[in-house]
>>> print(open('work_1.tsv').read())   # TSV, C-alpha atoms
chain	number	residue	atom	x	y	z
A	25	MET	CA	8.16	11.09	4.49
A	26	SER	CA	11.71	9.94	3.96
A	27	THR	CA	11.83	6.15	4.31
A	28	PHE	CA	9.48	3.38	5.33
A	29	ARG	CA	10.50	0.56	7.61
A	30	GLY	CA	8.33	-2.37	8.51
A	31	LYS	CA	7.47	-6.03	8.57
A	32	THR	CA	6.19	-7.53	5.34
A	33	PHE	CA	2.99	-9.30	4.47
A	34	VAL	CA	3.68	-11.13	1.22
A	35	TYR	CA	0.98	-12.24	-1.19
A	36	GLY	CA	0.95	-13.59	-4.74
A	37	ASP	CA	-0.41	-12.46	-8.08
A	38	ASP	CA	-3.86	-11.12	-8.93
A	39	ILE	CA	-4.91	-10.02	-5.43
A	40	ASN	CA	-8.23	-8.39	-6.17
A	41	THR	CA	-10.10	-5.65	-4.37
A	42	ASP	CA	-12.77	-8.14	-3.28
A	43	VAL	CA	-10.26	-9.86	-0.98
A	44	ILE	CA	-8.52	-6.65	0.05
A	45	PHE	CA	-11.86	-5.24	1.22
A	46	PRO	CA	-14.79	-7.70	0.94
A	47	GLY	CA	-17.92	-6.44	-0.78
A	48	ARG	CA	-20.14	-7.38	2.15
A	49	TYR	CA	-18.69	-4.41	4.04
A	50	LEU	CA	-19.25	-1.76	1.38
A	51	ASN	CA	-21.84	-0.13	3.65
A	52	VAL	CA	-19.04	0.66	6.16
A	53	PHE	CA	-17.68	4.19	5.72
A	54	ASP	CA	-15.55	4.81	8.82
A	55	PRO	CA	-11.90	4.03	7.98
A	56	ALA	CA	-11.23	2.62	11.48
A	57	GLU	CA	-14.13	0.21	11.04
A	58	MET	CA	-13.02	-0.62	7.50
A	59	ALA	CA	-9.57	-1.50	8.82
A	60	LYS	CA	-11.07	-4.33	10.88
A	61	HIS	CA	-11.96	-6.17	7.67
A	62	ALA	CA	-8.82	-5.56	5.59
A	63	MET	CA	-7.63	-8.68	3.78
A	64	GLU	CA	-9.90	-10.93	5.88
A	65	ASP	CA	-10.91	-13.15	2.93
A	66	LEU	CA	-7.25	-13.68	1.99
A	67	ASP	CA	-5.48	-13.67	5.35
A	68	LYS	CA	-7.74	-13.91	8.40
A	69	ASP	CA	-4.85	-12.96	10.71
A	70	PHE	CA	-3.72	-9.89	8.74
A	71	VAL	CA	-5.42	-7.27	10.93
A	72	LYS	CA	-4.40	-9.03	14.14
A	73	ASN	CA	-0.73	-9.19	13.06
A	74	ALA	CA	-0.34	-5.89	11.19
A	75	ALA	CA	1.20	-2.87	12.89
A	76	VAL	CA	1.55	0.75	11.86
A	77	GLY	CA	4.38	1.03	9.35
A	78	ASP	CA	4.12	-2.52	8.01
A	79	ILE	CA	4.45	-3.21	4.30
A	80	VAL	CA	2.40	-5.26	1.84
A	81	VAL	CA	4.38	-6.98	-0.93
A	82	ALA	CA	2.69	-8.73	-3.83
A	83	GLY	CA	3.19	-10.14	-7.29
A	84	LYS	CA	1.61	-8.87	-10.45
A	85	TYR	CA	-1.69	-7.04	-10.88
A	86	PHE	CA	-2.35	-6.16	-7.23
A	87	GLY	CA	-5.73	-4.47	-6.79
A	88	CYS	CA	-7.42	-5.93	-9.84
A	89	GLY	CA	-11.19	-6.33	-9.88
A	90	SER	CA	-13.68	-3.66	-8.93
A	91	SER	CA	-12.71	-0.01	-8.67
A	92	ARG	CA	-13.60	0.33	-4.99
A	93	GLU	CA	-11.41	2.89	-3.26
A	94	GLN	CA	-12.18	1.18	0.06
A	95	ALA	CA	-9.43	-1.35	-0.77
A	96	ALA	CA	-6.78	1.35	-0.49
A	97	THR	CA	-8.56	3.13	2.38
A	98	CYS	CA	-8.68	0.03	4.58
A	99	LEU	CA	-4.96	-0.72	4.09
A	100	LYS	CA	-4.05	2.83	4.98
A	101	ALA	CA	-6.36	2.70	8.02
A	102	VAL	CA	-4.63	-0.48	9.23
A	103	GLY	CA	-1.37	1.49	9.14
A	104	ILE	CA	0.27	-0.03	6.07
A	105	SER	CA	2.99	2.41	5.03
A	106	VAL	CA	3.53	1.22	1.46
A	107	VAL	CA	2.35	-1.46	-0.94
A	108	ILE	CA	5.05	-2.83	-3.24
A	109	ALA	CA	4.15	-5.09	-6.15
A	110	LYS	CA	5.43	-6.23	-9.51
A	111	SER	CA	2.46	-4.42	-11.07
A	112	PHE	CA	-0.88	-2.88	-10.10
A	113	ALA	CA	-4.31	-2.53	-11.57
A	114	ARG	CA	-4.48	1.03	-12.87
A	115	ILE	CA	-7.51	2.13	-10.85
A	116	PHE	CA	-6.17	0.70	-7.58
A	117	TYR	CA	-2.85	2.46	-8.19
A	118	ARG	CA	-4.53	5.84	-8.48
A	119	ASN	CA	-7.01	5.16	-5.66
A	120	ALA	CA	-4.07	4.39	-3.36
A	121	ILE	CA	-2.36	7.68	-4.16
A	122	ASN	CA	-5.62	9.58	-3.81
A	123	GLN	CA	-6.13	8.02	-0.36
A	124	GLY	CA	-2.55	8.84	0.69
A	125	LEU	CA	-1.26	5.26	0.57
A	126	ALA	CA	2.25	4.95	-0.90
A	127	ILE	CA	2.47	2.44	-3.71
A	128	MET	CA	5.55	1.30	-5.64
A	129	ILE	CA	6.15	-0.85	-8.71
A	130	CYS	CA	9.13	-3.17	-8.32
A	131	PRO	CA	9.73	-6.06	-10.71
A	132	GLY	CA	11.56	-8.85	-8.90
A	133	ILE	CA	10.49	-7.81	-5.40
A	134	ASP	CA	9.11	-11.30	-4.80
A	135	GLU	CA	12.61	-12.74	-5.33
A	136	ILE	CA	14.07	-11.09	-2.22
A	137	VAL	CA	11.18	-10.92	0.26
A	138	GLN	CA	9.40	-13.50	2.38
A	139	MET	CA	6.54	-13.09	4.85
A	140	GLY	CA	7.70	-11.30	7.98
A	141	ASP	CA	10.95	-9.87	6.59
A	142	GLN	CA	11.86	-6.32	7.62
A	143	LEU	CA	12.23	-3.89	4.73
A	144	GLU	CA	13.58	-0.39	4.42
A	145	VAL	CA	12.06	1.51	1.51
A	146	ASP	CA	13.12	4.88	0.13
A	147	PRO	CA	10.24	6.06	-2.06
A	148	THR	CA	12.17	8.92	-3.66
A	149	SER	CA	15.15	6.83	-4.80
A	150	GLY	CA	13.19	3.59	-5.18
A	151	VAL	CA	15.76	1.59	-3.18
A	152	ILE	CA	14.26	-1.31	-1.24
A	153	LYS	CA	16.51	-3.17	1.20
A	154	ASN	CA	15.67	-6.44	2.90
A	155	LEU	CA	17.07	-5.97	6.40
A	156	THR	CA	16.30	-9.58	7.40
A	157	ARG	CA	17.85	-11.59	4.55
A	158	GLY	CA	19.90	-9.04	2.70
A	159	GLY	CA	19.19	-8.23	-0.89
A	160	GLU	CA	18.10	-5.08	-2.58
A	161	ARG	CA	15.87	-4.06	-5.46
A	162	THR	CA	15.12	-0.73	-7.05
A	163	ALA	CA	11.52	0.22	-7.63
A	164	LYS	CA	10.25	3.00	-9.82
A	165	PRO	CA	10.78	6.09	-7.61
A	166	LEU	CA	7.77	8.17	-6.70
A	167	PRO	CA	7.91	11.58	-8.39
A	168	PRO	CA	7.75	14.79	-6.37
A	169	PHE	CA	4.11	15.55	-7.24
A	170	ILE	CA	3.03	12.10	-5.95
A	171	MET	CA	5.17	12.55	-2.83
A	172	GLY	CA	3.40	15.87	-2.27
A	173	ILE	CA	0.00	14.16	-2.35
A	174	LEU	CA	1.20	11.39	-0.02
A	175	ASN	CA	2.86	13.83	2.42
A	176	ASP	CA	-0.36	15.82	2.62
A	177	GLY	CA	-2.38	12.68	3.45
A	178	GLY	CA	-4.09	12.16	0.10
A	179	LEU	CA	-5.52	14.08	-2.81
A	180	ILE	CA	-8.29	15.96	-0.97
A	181	PRO	CA	-6.00	17.31	1.80
A	182	HIS	CA	-3.40	18.11	-0.86
A	183	LEU	CA	-5.91	20.12	-2.91
A	184	GLN	CA	-7.19	21.88	0.22
A	185	LYS	CA	-3.63	22.85	1.12
A	186	SER	CA	-2.94	24.04	-2.43
A	187	MET	CA	-6.10	26.17	-2.45
A	188	LYS	CA	-5.18	27.82	0.86
A	189	SER	CA	-1.76	28.83	-0.45
A	190	ALA	CA	-3.12	30.11	-3.78
>>> encode(input="work_1.tsv", output="structure tokens")
Amino acid sequence: MSTFRGKTFVYGDDINTDVIFPGRYLNVFDPAEMAKHAMEDLDKDFVKNAAVGDIVVAGKYFGCGSSREQAATCLKAVGISVVIAKSFARIFYRNAINQGLAIMICPGIDEIVQMGDQLEVDPTSGVIKNLTRGGERTAKPLPPFIMGILNDGGLIPHLQKSMKSA
């Protein structure tokens, strides 16, 4: 994975896992079915308007609330390429990586991005360019070991691959 390019869905601060993936669907285990309910309590049109490669941008403390990994799984299943926020809840951050969803911390991202803007994101350098309005920010780059997990599709496939080569 070299760069991400996509349309943005921009949300504010404190977006919790209960609105990313509502608790009433916790009995759903198929990622494709989970994707149908992503963000529905926050943005009822999210699934209808999202396309593979799109990008979620948020303020501080994205993914707060319960530790449900389904929040990251449903975003990945929708096709979101990367979530960029000013900060993340610790458990959501790790759940996203484990599920193979790229996630980047970028203070000030909300200053250069509006809903629907096209971004180009380089996860290894951290450079984020707004192709619609101009402007650029630098996020914390993803280290090689995280990129390895993401490139392999998540922690389980990464460990399986590592065990085969050992």
>>> residues_around(input="work_1.tsv", residues="Pro167 (chain A)", least_positions_apart="3", cutoff="12 Å", atoms="all atoms listed in the file", output="PyMOL selection string")
chain A and resi 121+126-128+147-150+163-164+170-174
>>> atom_distance(input="work_1.tsv", atom1="CA of Phe116 (chain A)", atom2="CA of Ile39 (chain A)")
11.0 Å
>>> closest_atom_pairs(input="work_1.tsv", of="region 68-167 of chain A", to="region 182-186 of chain A", cutoff="12 Å", atoms="all atoms listed in the file", output="Markdown table")
| residue | atom | partner | partner_atom | distance |
| --- | --- | --- | --- | --- |
| A:Ile121 | CA | A:His182 | CA | 11.0 |
| A:Asn122 | CA | A:His182 | CA | 9.3 |
| A:Gln123 | CA | A:His182 | CA | 10.5 |
| A:Gly124 | CA | A:His182 | CA | 9.4 |
>>> residues_around(input="work_1.tsv", residues="Asp37 (chain A)", least_positions_apart="6", cutoff="10 Å", atoms="all atoms listed in the file", output="VMD selection string")
chain A and resid 82 to 88 109 to 112
>>> atom_distance(input="work_1.tsv", atom1="CA of Tyr35 (chain A)", atom2="CA of Gly140 (chain A)")
11.4 Å
>>> atom_distance(input="work_1.tsv", atom1="CA of Ala120 (chain A)", atom2="CA of Ala96 (chain A)")
5.0 Å
>>> closest_residue(input="work_1.tsv", among="A:Met58, A:Val145, A:Val102, A:Val137", to="Gly158 (chain A)", atoms="all atoms listed in the file")
A:Val137
>>> residues_around(input="work_1.tsv", residues="Asp78 (chain A)", least_positions_apart="3", cutoff="9 Å", atoms="only C-alpha atoms", output="ChimeraX atom specification")
/A:28-33,74-75,103-106,142-143
>>> closest_residue(input="work_1.tsv", among="A:Gly36, A:Gly132, A:Gly47, A:Pro55", to="Arg161 (chain A)", atoms="all atoms listed in the file")
A:Gly132
>>> residues_near_point(input="work_1.tsv", point="(-16.2, -2.4, 12.2)", cutoff="12 Å", atoms="all atoms listed in the file", output="count of residues only")
18
>>> closest_residue(input="work_1.tsv", among="A:Asn175, A:Ile133, A:Ser189, A:Asp38", to="Asn154 (chain A)", atoms="all atoms listed in the file")
A:Ile133
>>> decode(input="work_1.tsv", residues="region 25-64 of chain A", atoms="C-alpha atoms", output="PDB file, in the first residue's frame")
ATOM      1  CA  MET A  25       0.000   0.000   0.000  1.00  0.00           C
ATOM      2  CA  SER A  26       1.638   3.209  -1.097  1.00  0.00           C
ATOM      3  CA  THR A  27      -0.931   6.008  -0.946  1.00  0.00           C
ATOM      4  CA  PHE A  28      -4.633   6.341  -0.299  1.00  0.00           C
ATOM      5  CA  ARG A  29      -6.886   8.546  -2.375  1.00  0.00           C
ATOM      6  CA  GLY A  30     -10.529   9.131  -1.696  1.00  0.00           C
ATOM      7  CA  LYS A  31     -13.490  11.288  -0.829  1.00  0.00           C
ATOM      8  CA  THR A  32     -13.813  12.355   2.789  1.00  0.00           C
ATOM      9  CA  PHE A  33     -16.532  11.861   5.336  1.00  0.00           C
ATOM     10  CA  VAL A  34     -15.859  14.414   8.058  1.00  0.00           C
ATOM     11  CA  TYR A  35     -17.161  14.108  11.607  1.00  0.00           C
ATOM     12  CA  GLY A  36     -16.477  15.921  14.873  1.00  0.00           C
ATOM     13  CA  ASP A  37     -15.070  15.015  18.256  1.00  0.00           C
ATOM     14  CA  ASP A  38     -15.916  12.050  20.480  1.00  0.00           C
ATOM     15  CA  ILE A  39     -17.389   9.757  17.815  1.00  0.00           C
ATOM     16  CA  ASN A  40     -18.001   6.628  19.844  1.00  0.00           C
ATOM     17  CA  THR A  41     -18.140   3.004  18.818  1.00  0.00           C
ATOM     18  CA  ASP A  42     -21.886   2.916  19.511  1.00  0.00           C
ATOM     19  CA  VAL A  43     -22.523   5.224  16.545  1.00  0.00           C
ATOM     20  CA  ILE A  44     -19.811   3.700  14.365  1.00  0.00           C
ATOM     21  CA  PHE A  45     -21.438   0.276  14.788  1.00  0.00           C
ATOM     22  CA  PRO A  46     -24.703   0.323  16.782  1.00  0.00           C
ATOM     23  CA  GLY A  47     -25.013  -2.176  19.619  1.00  0.00           C
ATOM     24  CA  ARG A  48     -28.291  -3.563  18.298  1.00  0.00           C
ATOM     25  CA  TYR A  49     -26.293  -5.298  15.542  1.00  0.00           C
ATOM     26  CA  LEU A  50     -23.706  -6.987  17.752  1.00  0.00           C
ATOM     27  CA  ASN A  51     -25.222 -10.356  16.820  1.00  0.00           C
ATOM     28  CA  VAL A  52     -24.123  -9.776  13.188  1.00  0.00           C
ATOM     29  CA  PHE A  53     -20.779 -11.429  12.421  1.00  0.00           C
ATOM     30  CA  ASP A  54     -20.463 -11.275   8.624  1.00  0.00           C
ATOM     31  CA  PRO A  55     -18.379  -8.202   7.691  1.00  0.00           C
ATOM     32  CA  ALA A  56     -20.464  -7.561   4.541  1.00  0.00           C
ATOM     33  CA  GLU A  57     -23.613  -7.502   6.652  1.00  0.00           C
ATOM     34  CA  MET A  58     -21.899  -5.356   9.292  1.00  0.00           C
ATOM     35  CA  ALA A  59     -20.973  -2.843   6.596  1.00  0.00           C
ATOM     36  CA  LYS A  60     -24.665  -2.176   5.931  1.00  0.00           C
ATOM     37  CA  HIS A  61     -24.980  -0.611   9.393  1.00  0.00           C
ATOM     38  CA  ALA A  62     -21.748   1.396   9.577  1.00  0.00           C
ATOM     39  CA  MET A  63     -22.271   4.886  10.994  1.00  0.00           C
ATOM     40  CA  GLU A  64     -26.061   4.632  10.595  1.00  0.00           C
TER      41      GLU A  64
END
